[in-house]
Number of protein chains: 2
Amino acid sequence: MSDENLIYLPLGGAGEVGMNMYLYGYGAKGSERYILVDVGIAFPDMETSPGVNLIFPDVTWLAERKDRIDGIFITHAHEDHIGGLGHLYEQLGAPIFARKFTAHIARMKMEEHGQDVDKITVVTSMPEQIAVGAFKVGFLPISHSIPESSALVIDTPCGRIIHSGDFKLDETPGVGDPFNREDWSSLGLVKALICDSTNVFNRLSGRSEETVKSPIKKLIRNSQGLVVATTFASNIARVRTLAEAGISEGRSVVVLGRAMHKMISAGQETGVLKDFPSTISAEEALDVPRQNLLLIVTGSQGERRAASAQLSNGKFKGFSLKEGDVFLFSSKTIPGNEVSVIRIINNLSEIGVDVIDDSMGDYHVSGHANRPDLEEMHKIVKPDFIIPMHGEHRMLREHCKLATENNIDSILATNGMVISISNNGLQVVDHVETGRVYQDGIIQVGAHDGVVRNRIKMALNGHVTVGVLIDENDEPMEDVWCELRGLPERGISLNDLSNVIEEEIEKTLPFLDQKLITEDKKLEEQLTRLVKRVCSNEIGKKPEVTILISRLA
Amino acid sequence: MSDENLIYLPLGGAGEVGMNMYLYGYGAKGSERYILVDVGIAFPDMETSPGVNLIFPDVTWLAERKDRIDGIFITHAHEDHIGGLGHLYEQLGAPIFARKFTAHIARMKMEEHGQDVDKITVVTSMPEQIAVGAFKVGFLPISHSIPESSALVIDTPCGRIIHSGDFKLDETPGVGDPFNREDWSSLGLVKALICDSTNVFNRLSGRSEETVKSPIKKLIRNSQGLVVATTFASNIARVRTLAEAGISEGRSVVVLGRAMHKMISAGQETGVLKDFPSTISAEEALDVPRQNLLLIVTGSQGERRAASAQLSNGKFKGFSLKEGDVFLFSSKTIPGNEVSVIRIINNLSEIGVDVIDDSMGDYHVSGHANRPDLEEMHKIVKPDFIIPMHGEHRMLREHCKLATENNIDSILATNGMVISISNNGLQVVDHVETGRVYQDGIIQVGAHDGVVRNRIKMALNGHVTVGVLIDENDEPMEDVWCELRGLPERGISLNDLSNVIEEEIEKTLPFLDQKLITEDKKLEEQLTRLVKRVCSNEIGKKPEVTILISRLA
């Protein structure tokens with residue numbers, strides 16, 4: 001028997017929602033050749049990653065094996081699958097393969113980071129297959145909420161692997177390829193299905209994009225004023241559903257928000273969105289009566305600078321909302337964004353705008369397969385094994401349970417677990433280090449570098465700066481200086497807190513051991529403790545402390 | 001006609017969920033005598049109030065009119081109605097009236113803050129009415145999720161006002177008084193109903209607490225391992241439902257979490273919870289086989305230090321969870337807490353615990369009236385006017401719409417709006433300043449004082465401290481010192497960022513205008529700009545900056 005083996009290794013997206021990145025390898029242990037599927041990002045939140053712009057998978061391990069990557073395959077153009085391509089390409093540097101529309105977006109991502117767009121090869125869907133190393137990879141159309149979303153058919157010496165990508169079973173998805181049961185039923189023997197798990201907890205069958213059309217039209221028809229609708233910019237299916245509903249109800253359609261314009265143009269330029277309804281510009285719209293307008297805008301997740309938030313705060317691009325207008329959230333709020341979204345809704349309510357959210361499920365359907373649809377997929381593909389991906393730990397775990405119910409072997413594989421796929425079954429054969437990298441301004445910092453942790457600590461505890469002068473004879477000078485930030489001015493003594501700290505330090509310094517005075521680190525520790533104690537007494541908080549020691553010596 | 005008038009003035013809870021505080025006044029304008037209903041708190045979140053312990057209504061306006069408050073009435077013992085009593089009593093200082101159980105909790109709140117518990121008078125429910133000033137106030141039992149929850153029947157010279165308190169229409173609420181349609185139907189002429197709006201967007205009729213009993217029992221019955229259930233400590237109805245289900249399925253019940261113990265004891269001591277099932281201590285439980293145990297624990301909102309979070313991280317009070325155990329969230333996640341709750345669920349999933357949350361609605365019912373129930377309440381009470389309270393702006397607005405549908409006049413009154421209630425209708429007659437006060441450690445700070453805003457800025461941008469020495473001749477000395485916090489060590493130049501800042505400042509200082517050097521404020525501004533510019537170039541962020549200038553002169 002050969003010692004070549006087939007491995008699957010998730011580097012992002014398995015144990016979380018977001019930053020999808022999956023590696024397949026074939027070869028002798030330690031010298032496998034790889035193909036990489038998707039290079040996605042995740043989004044930060046105030047609770048765990050304040051001030052961070054984007055989150056990537058940590059590719060340190062893979063970058064050290066860069067020369068063994070034979071190809072990068074992008075399943076579709078959603079940010080959690082393609083958003084990291086430009087940022088991380090330097091570390092990956094292999095040929096990129098994608099279908100036309102996805103490749104178009106990939107090109108933009110590469111250009112933004114000065115990467116060589118010629119690394120991208122546009123491919124067609126199955127039956128074309130790209131041979132890279134021991135693999136042959138084909139793009140198998142699957143319905144989702146963006147054009148040309150694809151599963152990957154990965155033929156390996158150990159058999160056929162299906163990497164589902166993001167999918168739902170929708171025969172009328174609006175944009176992108178409808179689910180084609182026939183194609184999917186004729187895949188032959190499938191060794192393993194690596195499968196989207198996002199909606200495994202939803203026990204109802206998924207609904208088609210088609211089902212939201214009529215409620216949206218009706219909503220627009222019954223509205224007397226301006227209608228504004230928001231959704232994810234990259235949910236092109238929904239943007240189109242909204243635009244068509246607007247036109248069919250006799251309204252002119254305006255698209256607001258850079259990300260949305262980009263996506264639509266990409267669709268039009270690549271010909272996958274040829275029949276997108278015609279829209280008018282914001283300037284043109286200002287001459288149209290408000291009851292004849294539909295605005296489709298970005299910011300469905302409450303993003304502070306996006307069109308939705310701006311409109312809720314007053315004016316945006318010449319538009320201002322008023323009593324009797326309608327604002328539709330044709331989207332689901334992602335956990336962590338609720339407070340921001342609710343803030344916008346209440347701001348709109350204060351203006352007198354009627355806000356329609358998705359609480360009743362009439363105006364939004366998910367782009368992911370629900371539990372019964374996953375089950376159907378299992379039955380259509382009939383794989384020997386299932387490996388759940390694209391989901392939090394609880395989702396992967398539940399998906400394994402579902403596989404077990406259907407008598408299919410599965411394994412719960414989270415980021416960093418190296419899974420061998422063979423006739424003998426699925427087996428964890430190794431662990432590699434994975435993690436998260438934060439794009440913080442223009443710098444990348446590790447999630448565990450402490451940078452963001454220190455920011456969170458300052459947010460919770462406030463910050464005190466103390467300046468101490470030590471003279472030429474190693475004697476502390478009298479003038480201690482203290483500055484507070486994010487802390488109350490006065491403590492329970494009602495005295496100015498910075499004065500209290502300064503006085504306490506001035507009182508203490510003359511009595512400190514000379515050895516302490518001469519060593520920055522020890523003096524710093526001592527004074528930090530002192531500041532924390534004073535603050536604990538005065539305000540009941542222990543702030544973060546920076547001690548600046550200046551020596552005249 | 002007299003110039004006496006009846007006013008309603010929400011000071012908290014109208015335009016938000018939480019910190020309920022409502023004022024009623026009667027008298028000539030400017031010299032009304034008041035009664036205050038509820039003194040609640042709200043809870044902080046990382047996004048808007050990091051590091052804050054609790055949030056109160058700002059009672060500055062009311063405190064200046066303290067001598068005109070004739071009584072404080074507490075409708076029920078939930079934190080958002082009673083939690084601020086001890087903290088704010090100093091500023092309010094009027095007799096407190098509550099039913100037995102609520103008064104018991106009120107006493108604990110007062111004691112914690114060294115306030116005089118004799119200010120609390122225990123009253124019985126209607127027909128008893130307490131005469132305070134021009135008002136006669138009675139406690140009318142209403143079903144909710146805590147014992148002795150009450151609406152207030154407020155008789156005034158202008159007619160009868162009903163202040164609903166928190167309620168649902170539940171004839172089998174588990175604890176507390178069942179909804180008594182007869183009592184509520186015989187209230188006679190009601191001028192105004194001031195009414196809970198929390199669930200106005202829920203279009204289904206509310207379900208009784210009774211309906212969760214059987215699913216919970218079934219869940220416990222089918223579990224092979226340890227079962228843990230969490231809910232709000234103050235949802236005594238649910239705690240009891242859970243405990244009874246455990247006992248009936250042959251399990252010993254353990255309650256973990258201080259807040260929950262407190263609530264149960266209060267119920268038992270006051271006799272309102274006489275038949276609460278007997279529980280065993282955590283120590284005793286360690287001798288019981290895990291499949292014979294039910295733990296009822298705190299932390300349903302993901303609070304870091306509560307029992308749920310601790311159990312999800314490993315051991316707590318000798319218990320550790322393992323594969324096959326079941327963890328039930330018998331609760332709804334409050335917006336803003338999703339990330340924390342999901343973190344716990346995934347931690348539990350990693351241990352192999354089956355987590356059951358409320359996504360299917362089988363194991364939790366709300367304590368608030370849904371839209372059809374609100375409508376029913378409108379029809380039972382038949383008030384001349386409705387004033388929605390207890391809700392975000394969008395909820396109050398929707399509740400007004402519902403009133404209009406039922407042909408009842410209403411007004412959208414948010415915190416600070418003084419509403420006159422008369423035969424002529426509802427009218428906004430004045431605005432008073434309201435707001436939020438943060439309990440931050442042991443100090444109270446205003447939400448707009450900038451303290452917390454500065455903390456948020458540090459969380460987003462990081463912080464740089466720079467120390468500059470100016471000698472006796474007003475010449476800057478060479479040694480500039482810089483410390484970073486919450487920022488990457490190196491920028492795009494790959495040089496140490498603090499070194500780059502120090503060098504830039506050292507290069508700049510000798511060339512600064514002498515006038516700038518001698519004025520702390522100007523020098524500080526100049527150097528802050530410089531630091532921000534350097535950081536913007538090096539790391540793409542503009543941090544918060546503290547400049548410490550030490551003068552040897």
# chains A, B, ... in the order shown; residues from 1 in each chain; ligands from 1
call {"tool": "closest_atom_pairs", "arguments": {"of": "chain B", "to": "chain A", "cutoff": "7 Å", "atoms": "only C-alpha atoms", "output": "CSV"}}
result
residue,atom,partner,partner_atom,distance
B:Met46,CA,A:Glu47,CA,5.5
B:Glu47,CA,A:Met46,CA,5.5
B:Pro50,CA,A:Leu460,CA,5.2
B:Gly51,CA,A:Leu460,CA,3.7
B:Pro335,CA,A:Glu338,CA,5.6
B:Gly336,CA,A:Val339,CA,5.4
B:Glu338,CA,A:Pro335,CA,5.6
B:Val339,CA,A:Gly336,CA,5.4
B:Asn346,CA,A:Arg394,CA,5.4
B:Ser349,CA,A:Arg394,CA,5.1
B:Glu350,CA,A:His393,CA,6.6
B:Glu392,CA,A:Asn346,CA,6.9
B:His393,CA,A:Asn346,CA,5.5
B:Arg394,CA,A:Ser349,CA,5.1
B:Gly441,CA,A:Gly540,CA,4.3
B:Ile442,CA,A:Gly540,CA,4.9
B:Ile443,CA,A:Ile539,CA,5.6
B:Val445,CA,A:Pro488,CA,6.7
B:Val451,CA,A:Gly486,CA,4.4
B:Val452,CA,A:Gly486,CA,5.6
B:Asn454,CA,A:Gly486,CA,4.8
B:Arg455,CA,A:Ala459,CA,4.5
B:Ile456,CA,A:Ala459,CA,5.6
B:Met458,CA,A:Arg455,CA,6.2
B:Ala459,CA,A:Arg455,CA,4.5
B:Leu460,CA,A:Gly51,CA,3.7
B:Asn461,CA,A:Gly51,CA,6.0
B:Gly462,CA,A:Arg455,CA,5.9
B:Gly467,CA,A:Leu548,CA,6.8
B:Arg485,CA,A:Asn454,CA,6.4
B:Gly486,CA,A:Val451,CA,4.4
B:Leu487,CA,A:Val451,CA,5.4
B:Pro488,CA,A:Val451,CA,6.2
B:Gly491,CA,A:Ile443,CA,6.7
B:Ile492,CA,A:Ile443,CA,7.0
B:Ile539,CA,A:Ile442,CA,5.2
B:Gly540,CA,A:Gly441,CA,4.3
B:Lys541,CA,A:Gly441,CA,5.3
B:Leu548,CA,A:Gly467,CA,6.7
call {"tool": "residues_around", "arguments": {"residues": "Val428 of chain A", "least_positions_apart": "6", "cutoff": "10 Å", "atoms": "only C-alpha atoms", "output": "short mmCIF file (atom, residue, chain, number, x, y, z; two decimals) with N, CA, C and O atoms, in the first residue's frame"}}
result
data_model
loop_
_atom_site.label_atom_id
_atom_site.label_comp_id
_atom_site.auth_asym_id
_atom_site.auth_seq_id
_atom_site.Cartn_x
_atom_site.Cartn_y
_atom_site.Cartn_z
N ILE A 7 -5.50 14.47 2.69
CA ILE A 7 -5.89 15.15 3.94
C ILE A 7 -6.77 16.37 3.68
O ILE A 7 -6.74 16.98 2.62
N TYR A 8 -7.55 16.66 4.71
CA TYR A 8 -8.39 17.86 4.75
C TYR A 8 -7.99 18.62 6.00
O TYR A 8 -7.87 18.03 7.08
N LEU A 9 -7.77 19.92 5.86
CA LEU A 9 -7.31 20.73 6.99
C LEU A 9 -7.97 22.10 6.94
O LEU A 9 -7.60 22.94 6.12
N ILE A 411 -17.00 13.35 10.93
CA ILE A 411 -16.03 13.72 11.95
C ILE A 411 -16.17 15.21 12.22
O ILE A 411 -16.47 15.98 11.31
N LEU A 412 -16.01 15.58 13.48
CA LEU A 412 -16.10 16.99 13.83
C LEU A 412 -14.69 17.57 13.73
O LEU A 412 -13.84 17.31 14.59
N ALA A 413 -14.45 18.28 12.65
CA ALA A 413 -13.11 18.83 12.40
C ALA A 413 -13.13 20.33 12.55
O ALA A 413 -13.86 21.01 11.83
N MET A 417 -7.22 20.98 12.64
CA MET A 417 -7.20 19.52 12.71
C MET A 417 -6.92 18.95 11.32
O MET A 417 -7.61 19.26 10.36
N VAL A 418 -5.91 18.12 11.23
CA VAL A 418 -5.58 17.48 9.96
C VAL A 418 -6.32 16.14 9.91
O VAL A 418 -6.10 15.28 10.75
N ILE A 419 -7.21 16.04 8.94
CA ILE A 419 -8.05 14.84 8.83
C ILE A 419 -7.59 14.01 7.64
O ILE A 419 -7.50 14.52 6.52
N SER A 420 -7.29 12.77 7.88
CA SER A 420 -6.97 11.89 6.76
C SER A 420 -8.27 11.25 6.26
O SER A 420 -9.11 10.80 7.05
N ILE A 421 -8.45 11.29 4.94
CA ILE A 421 -9.64 10.70 4.32
C ILE A 421 -9.18 9.47 3.54
O ILE A 421 -8.40 9.60 2.59
#
call {"tool": "residues_around", "arguments": {"residues": "segment 298-300 of chain B", "least_positions_apart": "6", "cutoff": "8 Å", "atoms": "only C-alpha atoms", "output": "number ranges by chain"}}
result
B: 230-233, 256-257, 259-260, 306-309, 329-331, 333, 341
call {"tool": "residues_around", "arguments": {"residues": "segment 22-29 of chain A", "least_positions_apart": "5", "cutoff": "8 Å", "atoms": "only C-alpha atoms", "output": "PDB file with N, CA and C atoms, in the first residue's frame"}}
result
ATOM      1  N   ASP A   3       2.137   5.055   0.700  1.00  0.00           N
ATOM      2  CA  ASP A   3       2.039   5.897   1.893  1.00  0.00           C
ATOM      3  C   ASP A   3       1.537   7.303   1.551  1.00  0.00           C
ATOM      4  N   GLU A   4       1.073   7.460   0.310  1.00  0.00           N
ATOM      5  CA  GLU A   4       0.440   8.724  -0.073  1.00  0.00           C
ATOM      6  C   GLU A   4      -0.892   8.816   0.675  1.00  0.00           C
ATOM      7  N   ASN A   5      -1.230   9.983   1.101  1.00  0.00           N
ATOM      8  CA  ASN A   5      -2.558  10.089   1.714  1.00  0.00           C
ATOM      9  C   ASN A   5      -3.215  11.407   1.412  1.00  0.00           C
ATOM     10  N   LEU A   6      -4.547  11.360   1.557  1.00  0.00           N
ATOM     11  CA  LEU A   6      -5.372  12.530   1.265  1.00  0.00           C
ATOM     12  C   LEU A   6      -5.762  13.181   2.592  1.00  0.00           C
ATOM     13  N   ILE A   7      -5.496  14.474   2.688  1.00  0.00           N
ATOM     14  CA  ILE A   7      -5.885  15.151   3.937  1.00  0.00           C
ATOM     15  C   ILE A   7      -6.769  16.368   3.681  1.00  0.00           C
ATOM     16  N   TYR A   8      -7.547  16.656   4.705  1.00  0.00           N
ATOM     17  CA  TYR A   8      -8.391  17.864   4.747  1.00  0.00           C
ATOM     18  C   TYR A   8      -7.993  18.616   5.999  1.00  0.00           C
ATOM     19  N   LEU A   9      -7.765  19.918   5.861  1.00  0.00           N
ATOM     20  CA  LEU A   9      -7.311  20.725   6.993  1.00  0.00           C
ATOM     21  C   LEU A   9      -7.973  22.097   6.937  1.00  0.00           C
ATOM     22  N   PRO A  10      -8.976  22.326   7.785  1.00  0.00           N
ATOM     23  CA  PRO A  10      -9.572  23.665   7.806  1.00  0.00           C
ATOM     24  C   PRO A  10      -8.646  24.646   8.532  1.00  0.00           C
ATOM     25  N   LEU A  11      -8.405  25.796   7.903  1.00  0.00           N
ATOM     26  CA  LEU A  11      -7.564  26.826   8.522  1.00  0.00           C
ATOM     27  C   LEU A  11      -8.395  27.995   9.032  1.00  0.00           C
ATOM     28  N   GLY A  12      -9.656  28.017   8.644  1.00  0.00           N
ATOM     29  CA  GLY A  12     -10.586  29.050   9.092  1.00  0.00           C
ATOM     30  C   GLY A  12     -11.986  28.636   8.697  1.00  0.00           C
ATOM     31  N   GLY A  13     -12.977  28.975   9.511  1.00  0.00           N
ATOM     32  CA  GLY A  13     -14.366  28.697   9.149  1.00  0.00           C
ATOM     33  C   GLY A  13     -14.935  27.450   9.793  1.00  0.00           C
ATOM     34  N   TYR A  34      -0.621  20.807  -1.960  1.00  0.00           N
ATOM     35  CA  TYR A  34      -1.903  21.337  -1.479  1.00  0.00           C
ATOM     36  C   TYR A  34      -2.717  22.057  -2.537  1.00  0.00           C
ATOM     37  N   ILE A  35      -4.028  22.054  -2.346  1.00  0.00           N
ATOM     38  CA  ILE A  35      -4.867  23.079  -2.961  1.00  0.00           C
ATOM     39  C   ILE A  35      -5.630  23.771  -1.831  1.00  0.00           C
ATOM     40  N   LEU A  36      -5.826  25.075  -2.001  1.00  0.00           N
ATOM     41  CA  LEU A  36      -6.477  25.871  -0.969  1.00  0.00           C
ATOM     42  C   LEU A  36      -7.846  26.299  -1.497  1.00  0.00           C
ATOM     43  N   VAL A  37      -8.861  26.169  -0.664  1.00  0.00           N
ATOM     44  CA  VAL A  37     -10.207  26.588  -1.061  1.00  0.00           C
ATOM     45  C   VAL A  37     -10.626  27.799  -0.219  1.00  0.00           C
ATOM     46  N   ASP A  38     -10.800  28.912  -0.873  1.00  0.00           N
ATOM     47  CA  ASP A  38     -11.300  30.164  -0.282  1.00  0.00           C
ATOM     48  C   ASP A  38     -10.281  30.848   0.648  1.00  0.00           C
ATOM     49  N   ALA A 134      -1.976  16.320  -7.869  1.00  0.00           N
ATOM     50  CA  ALA A 134      -2.725  15.067  -7.928  1.00  0.00           C
ATOM     51  C   ALA A 134      -4.227  15.293  -8.033  1.00  0.00           C
ATOM     52  N   THR A 156      -9.483  13.022  -6.616  1.00  0.00           N
ATOM     53  CA  THR A 156      -8.181  12.715  -6.024  1.00  0.00           C
ATOM     54  C   THR A 156      -7.897  11.236  -6.249  1.00  0.00           C
TER      55      THR A 156
END
call {"tool": "select_by_dssp", "arguments": {"residues": "segment 284-483 of chain B", "states": "strand (DSSP E or B)", "output": "ChimeraX atom specification"}}
result
/B:293-297,315-316,319-320,326-329,354-356,370,385-389,391-392,409-410,417-422,425-431,436-440,443-446,463-470,476,481-483
